[in-house]
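Structure file query.txt with compact mmCIF, C-alpha atoms and all ligand atoms:
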# COMPACT_ATOMS: atom_id res chain seq x y z
CA MET A 1 103.26 82.76 77.65
CA ASN A 2 100.35 82.88 80.15
CA PRO A 3 99.37 86.36 81.43
CA SER A 4 100.29 87.05 85.07
CA PRO A 5 97.61 86.64 87.74
CA LYS A 6 95.46 89.71 88.35
CA PRO A 7 95.55 90.88 92.00
CA LEU A 8 92.16 91.93 93.35
CA LEU A 9 91.41 94.97 95.52
CA VAL A 10 89.97 94.19 98.94
CA LYS A 11 87.35 96.15 100.83
CA VAL A 12 86.62 95.10 104.41
CA CYS A 13 83.22 96.47 105.33
CA GLY A 14 81.22 97.00 108.50
CA MET A 15 84.00 98.16 110.83
CA ARG A 16 83.29 100.21 113.96
CA GLU A 17 85.45 99.27 116.99
CA SER A 18 88.73 101.19 117.40
CA ALA A 19 91.10 98.30 118.26
CA ASN A 20 89.52 96.13 115.59
CA ILE A 21 89.84 98.90 112.97
CA GLU A 22 93.55 99.24 113.79
CA ALA A 23 94.12 95.46 113.64
CA VAL A 24 92.41 95.18 110.24
CA ALA A 25 94.10 98.33 108.88
CA ASP A 26 97.44 96.67 109.72
CA LEU A 27 96.59 94.11 107.01
CA ARG A 28 96.48 97.04 104.53
CA PRO A 29 93.15 96.37 102.80
CA ASP A 30 92.51 98.79 99.93
CA PHE A 31 89.25 100.02 101.49
CA LEU A 32 87.65 99.97 104.92
CA GLY A 33 83.86 100.45 105.02
CA PHE A 34 81.83 102.08 107.78
CA ILE A 35 78.05 101.70 107.82
CA PHE A 36 76.00 104.86 108.34
CA HIS A 37 72.62 103.17 107.87
CA PRO A 38 70.90 103.40 111.29
CA GLY A 39 69.03 100.11 110.74
CA SER A 40 72.24 98.07 110.47
CA ALA A 41 73.66 95.95 113.29
CA ARG A 42 77.01 97.36 112.10
CA TYR A 43 75.98 101.00 112.44
CA ALA A 44 79.18 102.96 113.06
CA GLY A 45 77.92 106.51 113.50
CA THR A 46 78.06 106.59 117.29
CA ALA A 47 81.20 104.46 117.84
CA LEU A 48 83.72 105.83 115.34
CA GLN A 49 86.54 108.07 116.48
CA PRO A 50 87.42 110.56 113.70
CA GLU A 51 90.98 111.04 115.02
CA LEU A 52 91.63 107.29 114.81
CA LEU A 53 90.37 107.20 111.21
CA ARG A 54 92.53 110.18 110.27
CA ALA A 55 95.62 108.37 111.63
CA LEU A 56 95.13 105.27 109.43
CA PRO A 57 97.55 104.74 106.52
CA GLU A 58 96.62 106.79 103.45
CA SER A 59 96.68 103.69 101.25
CA VAL A 60 93.63 102.40 103.13
CA ARG A 61 90.76 104.37 101.65
CA LYS A 62 87.92 104.96 104.08
CA ILE A 63 84.40 104.57 102.74
CA GLY A 64 81.09 105.58 104.35
CA VAL A 65 78.18 103.31 103.42
CA PHE A 66 74.81 105.07 103.04
CA VAL A 67 71.29 103.97 102.10
CA ASP A 68 69.21 106.64 100.36
CA ALA A 69 70.81 109.54 102.24
CA GLY A 70 70.84 113.07 100.83
CA THR A 71 73.97 114.56 99.27
CA VAL A 72 74.43 117.19 102.00
CA PRO A 73 74.23 114.72 104.93
CA ILE A 74 76.64 112.41 103.09
CA LEU A 75 79.16 115.22 102.51
CA THR A 76 78.79 116.36 106.12
CA THR A 77 79.44 112.83 107.43
CA LEU A 78 82.45 112.29 105.16
CA ALA A 79 83.97 115.57 106.34
CA ALA A 80 83.24 114.89 110.03
CA PHE A 81 84.97 111.48 109.96
CA GLY A 82 87.66 112.23 107.38
CA LEU A 83 86.35 109.64 104.90
CA ASP A 84 87.46 109.40 101.26
CA GLY A 85 84.41 107.96 99.62
CA ALA A 86 80.75 107.00 99.72
CA GLN A 87 79.19 103.64 98.94
CA LEU A 88 75.58 104.25 97.92
CA HIS A 89 73.58 101.19 98.87
CA GLY A 90 70.00 102.25 98.04
CA GLN A 91 68.12 103.66 95.05
CA GLU A 92 70.49 106.60 94.47
CA THR A 93 70.25 108.17 91.01
CA PRO A 94 73.03 108.74 88.45
CA ALA A 95 72.60 112.49 89.13
CA GLN A 96 73.41 112.03 92.82
CA CYS A 97 76.41 109.83 92.03
CA ALA A 98 77.70 112.52 89.64
CA GLU A 99 77.04 115.28 92.18
CA LEU A 100 79.12 113.50 94.83
CA ARG A 101 81.88 112.63 92.39
CA ASN A 102 82.06 116.24 91.22
CA ALA A 103 82.51 117.18 94.89
CA GLY A 104 85.69 115.03 94.96
CA VAL A 105 84.15 111.98 96.60
CA LEU A 106 85.17 108.45 95.53
CA VAL A 107 81.79 106.96 94.58
CA ILE A 108 80.87 103.27 94.78
CA LYS A 109 77.32 102.56 93.62
CA THR A 110 75.81 99.28 94.78
CA PHE A 111 73.37 97.22 92.75
CA SER A 112 71.47 94.44 94.51
CA VAL A 113 71.27 91.24 92.49
CA GLY A 114 68.53 88.62 92.75
CA ASP A 115 67.94 85.71 90.38
CA SER A 116 68.62 87.84 87.30
CA LEU A 117 70.57 90.98 86.43
CA ASP A 118 69.49 93.64 83.94
CA LEU A 119 72.86 95.00 82.83
CA GLU A 120 71.15 97.74 80.76
CA ALA A 121 70.01 99.37 84.03
CA LEU A 122 73.67 100.29 84.58
CA ARG A 123 74.01 102.34 81.41
CA PRO A 124 72.76 105.65 82.91
CA TYR A 125 75.36 105.34 85.68
CA GLU A 126 78.31 105.09 83.30
CA GLY A 127 80.79 107.91 83.94
CA THR A 128 79.21 108.87 87.30
CA CYS A 129 80.94 106.37 89.62
CA ASP A 130 84.46 105.15 90.37
CA TYR A 131 83.29 101.60 90.99
CA TYR A 132 80.09 99.60 90.99
CA LEU A 133 79.52 96.99 93.68
CA PHE A 134 77.26 94.01 93.04
CA ASP A 135 75.74 92.60 96.22
CA THR A 136 73.10 89.98 96.92
CA LYS A 137 69.51 91.20 97.20
CA GLY A 138 68.15 90.14 100.60
CA LEU A 139 66.03 91.11 103.57
CA ALA A 140 68.49 93.83 104.64
CA PRO A 141 70.03 96.41 102.27
CA GLY A 142 73.43 94.76 102.83
CA GLY A 143 75.31 92.33 105.03
CA ASN A 144 73.01 89.40 104.26
CA GLY A 145 75.89 86.90 104.09
CA ILE A 146 74.55 85.17 100.98
CA ALA A 147 76.26 84.89 97.60
CA PHE A 148 74.40 85.42 94.31
CA ASP A 149 75.13 83.63 91.07
CA TRP A 150 78.31 85.47 90.01
CA LYS A 151 78.02 84.03 86.50
CA LEU A 152 75.29 86.65 85.90
CA LEU A 153 78.24 89.02 85.33
CA ARG A 154 79.83 86.88 82.63
CA ASP A 155 78.74 89.31 79.88
CA TYR A 156 79.62 92.54 81.73
CA ASN A 157 81.10 94.98 79.23
CA PHE A 158 80.84 98.48 80.74
CA ARG A 159 83.89 100.64 81.39
CA THR A 160 83.27 101.12 85.12
CA PRO A 161 85.21 98.52 87.15
CA TYR A 162 83.32 96.70 89.89
CA LEU A 163 83.69 94.92 93.22
CA LEU A 164 81.75 91.79 94.16
CA ALA A 165 80.02 91.45 97.53
CA GLY A 166 77.63 89.14 99.30
CA GLY A 167 78.57 86.09 101.33
CA ILE A 168 82.20 86.02 100.23
CA GLY A 169 84.26 83.91 102.61
CA PRO A 170 87.33 81.65 102.76
CA GLU A 171 85.33 78.76 101.27
CA ASN A 172 84.31 80.45 97.99
CA ILE A 173 87.18 82.83 97.09
CA ALA A 174 88.90 80.26 94.83
CA THR A 175 85.62 79.63 92.96
CA LEU A 176 85.17 83.36 92.46
CA THR A 177 88.65 84.05 91.14
CA ALA A 178 88.50 81.03 88.81
CA LEU A 179 85.53 82.61 86.98
CA HIS A 180 87.74 85.36 85.45
CA LEU A 181 84.76 87.74 85.40
CA PRO A 182 85.20 90.68 83.00
CA GLY A 183 85.39 94.05 84.79
CA LEU A 184 85.98 92.53 88.25
CA VAL A 185 88.68 94.46 90.13
CA GLY A 186 87.96 93.65 93.74
CA VAL A 187 85.89 92.00 96.44
CA ASP A 188 84.08 93.16 99.54
CA LEU A 189 84.36 91.08 102.72
CA ASN A 190 81.97 91.38 105.62
CA SER A 191 79.86 88.97 107.67
CA ARG A 192 81.75 85.79 106.74
CA PHE A 193 84.79 87.17 108.60
CA GLU A 194 83.02 88.33 111.76
CA THR A 195 83.08 87.12 115.33
CA ALA A 196 80.14 89.48 116.07
CA PRO A 197 78.32 92.07 113.94
CA GLY A 198 80.85 94.80 113.19
CA ARG A 199 83.84 92.90 114.64
CA LYS A 200 86.21 91.26 112.15
CA ASP A 201 88.55 88.34 112.75
CA ALA A 202 91.93 89.68 111.55
CA ALA A 203 93.50 86.21 111.78
CA ARG A 204 90.98 84.84 109.27
CA LEU A 205 91.16 87.94 107.06
CA ALA A 206 94.96 87.77 106.65
CA PRO A 207 95.10 84.59 104.48
CA ALA A 208 92.06 85.71 102.47
CA LEU A 209 93.74 89.03 101.66
CA ALA A 210 96.90 87.22 100.63
CA GLN A 211 94.89 84.87 98.40
CA LEU A 212 93.01 87.76 96.76
CA ARG A 213 96.23 89.73 96.28
CA ARG A 214 97.80 86.76 94.54
CA GLY A 215 94.80 87.02 92.22
CA ALA A 216 93.20 84.61 89.87
CA ALA A 217 95.40 81.90 88.41
CA PRO A 218 95.74 82.62 84.68
CA ARG A 219 93.04 81.12 82.49
CA PRO A 220 94.48 78.03 80.81
CA GLN A 221 95.55 78.78 77.22
CA ALA A 222 93.90 76.85 74.39
CA VAL A 223 96.33 74.53 72.59
O1 LIG B 1 76.58 95.21 106.34
C1 LIG B 1 75.57 95.84 106.66
O2 LIG B 1 75.03 95.71 107.76
C2 LIG B 1 74.94 96.81 105.69
C3 LIG B 1 73.72 97.39 106.03
C4 LIG B 1 73.14 98.30 105.18
C5 LIG B 1 73.74 98.63 103.99
C6 LIG B 1 74.95 98.05 103.63
C7 LIG B 1 75.54 97.13 104.46
N1 LIG B 1 76.73 96.50 104.10
C8 LIG B 1 77.43 96.89 102.92
C9 LIG B 1 78.49 96.04 102.39
O3 LIG B 1 79.27 96.50 101.56
C10 LIG B 1 78.61 94.59 102.78
O4 LIG B 1 79.94 94.28 102.92
C11 LIG B 1 77.94 93.75 101.68
O5 LIG B 1 76.57 93.92 101.80
C12 LIG B 1 78.28 92.24 101.79
O6 LIG B 1 78.00 91.75 103.06
P1 LIG B 1 78.06 90.16 103.36
O7 LIG B 1 77.02 89.50 102.54
O8 LIG B 1 77.83 90.05 104.81
O9 LIG B 1 79.44 89.69 102.99
In C-alpha cells, write the structure found in this file.
Amino acid sequence: MNPSPKPLLVKVCGMRESANIEAVADLRPDFLGFIFHPGSARYAGTALQPELLRALPESVRKIGVFVDAGTVPILTTLAAFGLDGAQLHGQETPAQCAELRNAGVLVIKTFSVGDSLDLEALRPYEGTCDYYLFDTKGLAPGGNGIAFDWKLLRDYNFRTPYLLAGGIGPENIATLTALHLPGLVGVDLNSRFETAPGRKDAARLAPALAQLRRGAAPRPQAV
C-alpha cells in the first residue's frame, strides 16, 4: 500500500497590518512571521499591535525575523510583542542559536542558497535549532521572490527538519511537493502572495494552504 501524503507546515511571512494579520490568521497557518530588520519594506516594528498578536489563536506560532541582531534585543522584542520564536536570517552562530533555544525560544535558522549548497556547513548547528529554513541568496537578506534549485537538498540527511523559502507561489507548489525532499516539513510564503509589500492576499493564500496541507502525493511505488 502507498504511504499517505505528508502534510506540510505553512509559514506566512512579512505580516504587519492588523486587519490583514487577522484575515491570514483565520486561515490557521502554522506560523506567522514579522520582520524586525529595519532595511526591509516589510518592517513590522512600528506597525504591530502587541495586544492583537496576543489575541491570535495559540496554534498560530508567531515568529520574529531578525538579521544579525544581538540575543538581548531579540529576547526583548519577543517579550514586547508576545512572540514565540525567532527566525535568524543573517550570519548568526550556533552558539547564539543555542543561547536563544535555551531561553525557551523556538529557533529557525536561515541559510541563504546560491548556485550550490555546502551541507557540511550545517553540521555545527545540529541540536541548536528547531528548524532550518533554506532561502534564496539575493540582493536583500530575504523576500527576494526568487526560487533556488530545490534539488540541491536531495541529499539532506541531518536530523533538524527544515522549511523551504524563496519565490514559492501558486505556480510552483506542485513541483516542490513532487520532489519528496528528505527533511522537508514546511514552506514559507511571502512576496508571491502579496498585493503590496507586507500585505498578503488571503484569497490567494487559502487554496495554497489547502494544497500544502494535503501534502505531496505519495511517490509512485516501484513494481
Ligand atoms: O521579506 C523580507 O523583506 C525579509 C527581509 C529581511 C530578512 C528576511 C526577510 N524575509 C524572510 C522570509 O522568511 C521570507 O518569507 C523569505 O525570504 C522568502 O521570501 P520570498 O522570496 O518573497 O517568498
| Any idea what the distance is between atom CA of Leu163 of chain A and atom CA of Thr46 of chain A? | 27.3 Å
| field | Surroundings of ligand LIG 1 (chain B) up to 9 Å, based on only C-alpha atoms and all ligand atoms, as a PyMOL selection string | value | chain A and resi 11-14+33-43+65-67+87-90+110+112+133-137+140-147+164-169+188-194+197-198
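Interatomic distance, atom CA of Pro161 of chain A to atom CA of Gly127 of chain A: 10.9 Å.
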| request: Rounded to one decimal place, report the atom CA of Gly186 of chain A-atom CA of Thr71 of chain A distance in Å. | output: 25.8 Å
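If all atoms listed in the file are the atoms counted, then among A:Gly183, A:Gly114, A:Pro50, A:Pro170 the closest residue to Ala206 of chain A is A:Pro170.
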| said: Which residues are near Pro57 of chain A? Cut-off 12 Å, only C-alpha atoms, ignore same chain within fewer than 5 positions. Put them as a ChimeraX atom specification. | reply: /A:21-22,24-32,52,62
Preceding selection exported with C-alpha atoms as a PDB file, in the coordinates of the input:
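Full text of again-v6.pdb as output:
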ATOM      1  CA  ILE A  21      89.840  98.900 112.970  1.00  0.00           C
ATOM      2  CA  GLU A  22      93.550  99.240 113.790  1.00  0.00           C
ATOM      3  CA  VAL A  24      92.410  95.180 110.240  1.00  0.00           C
ATOM      4  CA  ALA A  25      94.100  98.330 108.880  1.00  0.00           C
ATOM      5  CA  ASP A  26      97.440  96.670 109.720  1.00  0.00           C
ATOM      6  CA  LEU A  27      96.590  94.110 107.010  1.00  0.00           C
ATOM      7  CA  ARG A  28      96.480  97.040 104.530  1.00  0.00           C
ATOM      8  CA  PRO A  29      93.150  96.370 102.800  1.00  0.00           C
ATOM      9  CA  ASP A  30      92.510  98.790  99.930  1.00  0.00           C
ATOM     10  CA  PHE A  31      89.250 100.020 101.490  1.00  0.00           C
ATOM     11  CA  LEU A  32      87.650  99.970 104.920  1.00  0.00           C
ATOM     12  CA  LEU A  52      91.630 107.290 114.810  1.00  0.00           C
ATOM     13  CA  LYS A  62      87.920 104.960 104.080  1.00  0.00           C
TER      14      LYS A  62
END
